[in-house]
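Visitor: My questions will all concern the structure given below.
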Amino acid sequence: MHPLNRRSAMLALAATACWPAGFASAGEGARWRPWPATRATPALQLPDLDDQAWSLAQEQGHPVLLNFWASWCEPCRAEMHAFEVLEQQFQARRLKVVAVNFKEGREVVRRFRETQALSLALVRDSYGEAARAWGVRIFPTTFVINPAGHAVHGVEGEVDWGNPATQKKLQGLL
């Protein structure tokens with residue numbers, strides 16, 4: 001196969017990998033699953049865009065949405081601004097949204113943040129170890145972490161975080 005055709009095929013495969021099977025429209029194909037009661041919440045410590053260490057443990061005391069994403073994933077990109085709005089809407093509950101980038105360089109993530117004018121907390125999973133520890137197989141995948149620091153729910157696929165039904169469900173989980 002010609003190198004350009006191989007690259008195009010790989011990009012197409014990567015783009016479709018972030019869409020869950022049966023995805024219809026925003027949020028309809030997302031799969032909400034309770035975190036297994038017998039499974040411990042993985043420890044998580046990753047660098048931010050300034051190479052400062054961020055850890056899930058430091059967020060204990062308030063709820064966290066932990067979103068695994070990549071800039072090449074269209075549904076991931078579509079959720080970013082909704083997360084910013086969601087964090088503001090749930091400010092009274094001290095919700096923190098942390099976007100964990102999957103295996104992209106610091107400058108790629110920094111450019112994405114700048115072009116999208118994001119203020120979300122962004123950290124980097126440079127080698128994909130965190131995604132493996134959390135069992136991420138689909139992008140985007142988001143985990144709901146309670147104020148005690150324990151994962152309570154996971155969502156595979158794009159979610160309409162501005163939808164009142166989604167917000168009600170999230171409020172019940174927090």
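Within each chain, counting starts at residue 1; across the structure tokens, chains are named A, B, ... in the order shown, with ligands numbered 1 upward in that order.
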Using backbone DSSP assignments, extract all strand (DSSP E) residues from chain A; output them as a count of residues only.
Guide: 39
Visitor: Going by DSSP on the backbone, which residues of range 54-101 of chain A come out as helix (DSSP H, G or I)? List them as a list in words.
Guide: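 Those in range 54-101 of chain A that DSSP calls helix (DSSP H, G or I) are Leu56, Ala57, Gln58, Glu59, Glu74, Pro75, Cys76, Arg77, Ala78, Glu79, Met80, His81, Ala82, Phe83, Glu84, Val85, Leu86, Glu87, Gln88, Gln89, Gln91, Ala92 and Arg93 of chain A.
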Visitor: Keeping only C-alpha atoms, write the selected residues as an mmCIF file, in the first residue's frame.
Guide:
data_model
loop_
_atom_site.group_PDB
_atom_site.id
_atom_site.type_symbol
_atom_site.label_atom_id
_atom_site.label_comp_id
_atom_site.auth_asym_id
_atom_site.auth_seq_id
_atom_site.Cartn_x
_atom_site.Cartn_y
_atom_site.Cartn_z
ATOM 1 C CA LEU A 56 -6.605 13.151 41.617
ATOM 2 C CA ALA A 57 -5.826 12.906 45.340
ATOM 3 C CA GLN A 58 -5.353 16.694 45.529
ATOM 4 C CA GLU A 59 -8.949 17.144 44.324
ATOM 5 C CA GLU A 74 -14.336 14.888 16.911
ATOM 6 C CA PRO A 75 -16.760 13.903 19.716
ATOM 7 C CA CYS A 76 -14.016 14.732 22.248
ATOM 8 C CA ARG A 77 -13.582 18.195 20.772
ATOM 9 C CA ALA A 78 -17.350 18.696 20.711
ATOM 10 C CA GLU A 79 -17.598 18.153 24.483
ATOM 11 C CA MET A 80 -14.891 20.603 25.560
ATOM 12 C CA HIS A 81 -16.913 23.827 25.672
ATOM 13 C CA ALA A 82 -19.828 22.007 27.317
ATOM 14 C CA PHE A 83 -17.459 20.943 30.100
ATOM 15 C CA GLU A 84 -16.507 24.572 30.694
ATOM 16 C CA VAL A 85 -20.174 25.561 30.971
ATOM 17 C CA LEU A 86 -20.910 22.542 33.176
ATOM 18 C CA GLU A 87 -18.101 23.445 35.570
ATOM 19 C CA GLN A 88 -19.594 26.940 35.921
ATOM 20 C CA GLN A 89 -23.147 25.619 36.351
ATOM 21 C CA GLN A 91 -19.726 25.795 40.746
ATOM 22 C CA ALA A 92 -21.802 25.758 43.940
ATOM 23 C CA ARG A 93 -21.073 22.000 44.212
#
Visitor: Which residues come within 9 Å of Leu174 in chain A, counting only C-alpha atoms, excluding same-chain residues fewer than 4 positions away, as an NGL selection string?
Guide: :A and (62-64 or 93 or 95 or 144-147 or 152 or 169-170)
Visitor: Mind writing the picked residues with N, CA and C atoms as a compact mmCIF listing (two decimals), in the first residue's frame?
Guide:
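And here's part_5.txt as it stands now:
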# COMPACT_ATOMS: atom_id res chain seq x y z
N HIS A 62 -14.10 17.51 46.73
CA HIS A 62 -15.15 17.97 45.81
C HIS A 62 -15.22 17.03 44.62
N PRO A 63 -16.37 17.03 43.94
CA PRO A 63 -16.54 16.09 42.82
C PRO A 63 -15.68 16.48 41.61
N VAL A 64 -15.33 15.45 40.84
CA VAL A 64 -14.50 15.65 39.65
C VAL A 64 -15.10 14.87 38.49
N ARG A 93 -21.42 23.35 43.73
CA ARG A 93 -21.07 22.00 44.21
C ARG A 93 -19.57 21.76 44.14
N LEU A 95 -17.67 21.46 41.51
CA LEU A 95 -17.29 20.49 40.49
C LEU A 95 -16.03 20.95 39.76
N VAL A 144 -17.07 9.92 36.67
CA VAL A 144 -17.60 10.76 37.73
C VAL A 144 -16.93 10.30 39.02
N ILE A 145 -16.24 11.25 39.68
CA ILE A 145 -15.52 10.96 40.92
C ILE A 145 -16.24 11.71 42.04
N ASN A 146 -16.58 11.02 43.11
CA ASN A 146 -17.29 11.68 44.21
C ASN A 146 -16.31 12.49 45.07
N PRO A 147 -16.83 13.32 45.98
CA PRO A 147 -15.93 14.15 46.81
C PRO A 147 -14.93 13.35 47.66
N VAL A 152 -17.48 6.69 40.74
CA VAL A 152 -18.81 6.15 40.96
C VAL A 152 -19.51 5.77 39.65
N LYS A 169 -29.07 13.64 35.95
CA LYS A 169 -28.40 12.38 36.22
C LYS A 169 -27.05 12.63 36.92
N LEU A 170 -26.31 13.60 36.41
CA LEU A 170 -25.01 13.94 36.99
C LEU A 170 -25.19 14.43 38.43
Visitor: Kindly give the distance, in Å, that separates CA of Arg106 in chain A and CA of Cys73 in chain A, rounded to a single decimal.
Guide: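 The value is 16.8 Å.
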Visitor: Taking into account only C-alpha atoms, which residue in the set A:Gly157, A:Gly149, A:Pro47, A:Pro42 is nearest to Trp134 in chain A?
Guide: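 For Trp134 in chain A, the nearest of the candidates is A:Pro42.
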Visitor: Between A:Gln171, A:Asn163, A:Ser71, A:Thr141, which one has atoms that come closest to Arg31 in chain A, using only C-alpha atoms?
Guide: A:Thr141
Visitor: What's the separation between CA of Gly29 in chain A and CA of Glu114 in chain A, in Å to one decimal place?
Guide: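 Atom-to-atom, CA of Gly29 in chain A and CA of Glu114 in chain A are spaced 29.3 Å apart.
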Visitor: Which residue is closest to Leu46 in chain A? Choose from A:Arg113, A:Lys96, A:Lys103, A:Arg124 and count only C-alpha atoms.
Guide: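 Smallest separation from Leu46 in chain A among the options: A:Arg124.
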Visitor: Which distance in Å separates CA of Val159 in chain A and CA of Pro34 in chain A, to one decimal?
Guide: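 Here the two named atoms are 15.8 Å from each other.
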